[in-house]
Amino acid sequence: RDMIKDLLKKHKGLRGIAESCPDPSIYRAETDIINGAVASERNAWLCGLCVGVVAFASIRYMPRYLIKKVGGEKKLQELREADEMARKGMFGTSKTIFTLLVEGTFGFWAGWRGYQLTSSQTEGTYEAVAKIPLCEGRSAVSDGICAEWIDLTYNKIPPAFWRNLDDEDKMLRDDRTWKAVRAFADNCVKRRSYEQRLRNESGITNNNEPVSIPSPGVPDDIFDNDARGMNSISKEEAEKIVLDSKS
């Protein structure tokens, strides 16, 4: 996880490449994916925040509301007087702090669950970002980190970890995130293979020459036998080209 964070931190300025490009339209598909992922994440957090606030308010004020409805203003007044006596008594301040802590913890838990549920109902941020290498046009993110990401995913993270990730009995933490990490690497290889196919068709001999992917983007099944054209290259060949470009 730390290696991935360091890699992302190292290349955090990649989006500026698209913004400063003379023709930013070639990065439009990538920009749309990123903006959509950011908006989806923001909406999930806002939903979680609303759920947390409602949960906190409910556990704090709902009992008084119910007492007033059932017992009337007299019962509510008695409760207020009891609370006031408790605050003035021994450990009154500590009890108040403890109560707020419990209520706040419940509100935070409810908000976190609200965020998780909202995020699980739609394509998550990581899953969306993992598809960036498949987008049409150019991809600053793919050009900038694909080689290192593939090296990290395939060579530095032990293969046993990925086998455990596919084992339903293992129940690894953050499995959605790690599957997105691997999917991004796989899609990087697919993009490189498709780019090489376009270079071969255009007679371009430089394997690092930038090419723009035509619409609708890189075929997700590019390595299926029926999907490969005469100028396609294998997954293994694409991995080698990407890793060679890193060195």
# chains A, B, ... in the order shown; residues from 1 in each chain; ligands from 1

call {"tool": "residues_around", "arguments": {"residues": "Leu117 of chain A", "least_positions_apart": "6", "cutoff": "12 Å", "atoms": "only C-alpha atoms", "output": "ChimeraX atom specification"}}
result
/A:43-45,47-48,51,110-111,123-124

call {"tool": "closest_residue", "arguments": {"among": "A:Arg28, A:Arg138, A:Arg60, A:Arg163", "to": "Arg192 of chain A", "atoms": "only C-alpha atoms"}}
result
A:Arg138

call {"tool": "residues_around", "arguments": {"residues": "Ala185 of chain A", "least_positions_apart": "2", "cutoff": "8 Å", "atoms": "only C-alpha atoms", "output": "compact mmCIF listing (two decimals) with all heavy atoms, in the first residue's frame"}}
result
# COMPACT_ATOMS: atom_id res chain seq x y z
N CYS A 146 1.98 4.05 -16.09
CA CYS A 146 1.70 2.66 -16.44
C CYS A 146 2.92 1.75 -16.27
O CYS A 146 2.81 0.65 -15.72
CB CYS A 146 1.18 2.57 -17.88
SG CYS A 146 -0.64 2.50 -17.97
N TRP A 149 3.59 1.23 -12.66
CA TRP A 149 2.46 0.55 -12.03
C TRP A 149 2.49 -0.95 -12.36
O TRP A 149 2.23 -1.79 -11.49
CB TRP A 149 1.16 1.17 -12.51
CG TRP A 149 -0.04 0.81 -11.67
CD1 TRP A 149 -0.78 -0.33 -11.76
CD2 TRP A 149 -0.61 1.58 -10.62
NE1 TRP A 149 -1.80 -0.32 -10.83
CE2 TRP A 149 -1.71 0.85 -10.12
CE3 TRP A 149 -0.31 2.82 -10.05
CZ2 TRP A 149 -2.51 1.32 -9.08
CZ3 TRP A 149 -1.11 3.28 -9.02
CH2 TRP A 149 -2.19 2.55 -8.55
N ILE A 150 2.79 -1.26 -13.61
CA ILE A 150 2.88 -2.67 -14.01
C ILE A 150 4.02 -3.36 -13.28
O ILE A 150 3.88 -4.49 -12.79
CB ILE A 150 3.07 -2.78 -15.54
CG1 ILE A 150 1.79 -2.34 -16.25
CG2 ILE A 150 3.45 -4.20 -15.94
CD1 ILE A 150 1.93 -2.25 -17.75
N THR A 153 2.89 -3.89 -9.69
CA THR A 153 1.82 -4.89 -9.54
C THR A 153 2.29 -6.30 -9.84
O THR A 153 1.98 -7.24 -9.11
CB THR A 153 0.64 -4.53 -10.46
OG1 THR A 153 0.20 -3.20 -10.17
CG2 THR A 153 -0.52 -5.49 -10.27
N VAL A 181 -6.52 -1.98 -8.30
CA VAL A 181 -5.08 -1.81 -8.54
C VAL A 181 -4.60 -2.77 -9.62
O VAL A 181 -3.89 -2.40 -10.55
CB VAL A 181 -4.29 -2.04 -7.23
CG1 VAL A 181 -2.79 -2.16 -7.51
CG2 VAL A 181 -4.54 -0.89 -6.26
N ARG A 182 -5.02 -4.01 -9.50
CA ARG A 182 -4.61 -5.02 -10.49
C ARG A 182 -5.26 -4.74 -11.85
O ARG A 182 -4.62 -4.90 -12.90
CB ARG A 182 -4.99 -6.42 -10.01
CG ARG A 182 -4.55 -7.53 -10.94
CD ARG A 182 -4.86 -8.90 -10.35
NE ARG A 182 -6.27 -9.05 -10.04
CZ ARG A 182 -6.78 -10.12 -9.43
NH1 ARG A 182 -5.96 -11.10 -9.05
NH2 ARG A 182 -8.06 -10.20 -9.18
N ALA A 183 -6.54 -4.32 -11.83
CA ALA A 183 -7.24 -4.03 -13.08
C ALA A 183 -6.56 -2.88 -13.83
O ALA A 183 -6.47 -2.90 -15.06
CB ALA A 183 -8.71 -3.70 -12.80
N ASN A 187 -5.15 -3.17 -17.54
CA ASN A 187 -5.62 -2.25 -18.58
C ASN A 187 -4.47 -1.45 -19.19
O ASN A 187 -4.52 -1.07 -20.36
CB ASN A 187 -6.69 -1.32 -18.03
CG ASN A 187 -7.98 -2.05 -17.72
OD1 ASN A 187 -8.27 -3.10 -18.28
ND2 ASN A 187 -8.78 -1.51 -16.81
N CYS A 188 -3.43 -1.20 -18.40
CA CYS A 188 -2.23 -0.55 -18.95
C CYS A 188 -1.61 -1.43 -20.03
O CYS A 188 -1.18 -0.94 -21.09
CB CYS A 188 -1.21 -0.31 -17.84
SG CYS A 188 -1.50 1.17 -16.84
N VAL A 189 -1.55 -2.73 -19.76
CA VAL A 189 -0.98 -3.66 -20.74
C VAL A 189 -1.85 -3.69 -21.99
O VAL A 189 -1.34 -3.72 -23.12
CB VAL A 189 -0.87 -5.06 -20.12
CG1 VAL A 189 -0.39 -6.07 -21.17
CG2 VAL A 189 0.10 -5.05 -18.95

call {"tool": "residues_around", "arguments": {"residues": "Phe161 of chain A", "least_positions_apart": "6", "cutoff": "12 Å", "atoms": "only C-alpha atoms", "output": "tab-separated table (two decimals) with N, CA and C atoms, in the first residue's frame"}}
result
chain	number	residue	atom	x	y	z
A	153	THR	N	2.89	-3.89	-9.69
A	153	THR	CA	1.82	-4.89	-9.54
A	153	THR	C	2.29	-6.30	-9.84
A	154	TYR	N	3.05	-6.45	-10.93
A	154	TYR	CA	3.43	-7.79	-11.38
A	154	TYR	C	4.72	-8.30	-10.75
A	155	ASN	N	5.63	-7.39	-10.38
A	155	ASN	CA	6.95	-7.83	-9.94
A	155	ASN	C	7.22	-7.62	-8.45
A	167	ASP	N	-9.19	-15.70	-3.76
A	167	ASP	CA	-9.74	-16.77	-2.92
A	167	ASP	C	-10.84	-16.19	-2.04
A	170	LYS	N	-10.52	-16.15	1.81
A	170	LYS	CA	-9.49	-15.36	2.50
A	170	LYS	C	-10.07	-14.06	3.08
A	171	MET	N	-11.00	-13.44	2.36
A	171	MET	CA	-11.65	-12.21	2.82
A	171	MET	C	-10.62	-11.13	3.20
A	172	LEU	N	-9.82	-10.71	2.22
A	172	LEU	CA	-8.82	-9.68	2.47
A	172	LEU	C	-9.49	-8.33	2.66
A	173	ARG	N	-8.85	-7.47	3.45
A	173	ARG	CA	-9.36	-6.11	3.65
A	173	ARG	C	-9.18	-5.30	2.37
A	175	ASP	N	-10.60	-5.39	-0.48
A	175	ASP	CA	-10.43	-6.21	-1.68
A	175	ASP	C	-10.83	-5.47	-2.95
A	178	TRP	N	-7.85	-3.35	-4.02
A	178	TRP	CA	-6.74	-4.12	-4.59
A	178	TRP	C	-7.10	-4.70	-5.95
A	179	LYS	N	-8.35	-5.07	-6.14
A	179	LYS	CA	-8.76	-5.57	-7.45
A	179	LYS	C	-8.68	-4.44	-8.49
A	182	ARG	N	-5.02	-4.01	-9.50
A	182	ARG	CA	-4.61	-5.02	-10.49
A	182	ARG	C	-5.26	-4.74	-11.85

call {"tool": "residues_around", "arguments": {"residues": "segment 214-222 of chain A", "least_positions_apart": "4", "cutoff": "8 Å", "atoms": "only C-alpha atoms", "output": "count of residues only"}}
result
11

call {"tool": "atom_distance", "arguments": {"atom1": "atom CA of Pro24 of chain A", "atom2": "atom CA of Lys131 of chain A"}}
result
19.4 Å

call {"tool": "atom_distance", "arguments": {"atom1": "atom CA of Leu49 of chain A", "atom2": "atom CA of Trp109 of chain A"}}
result
10.4 Å
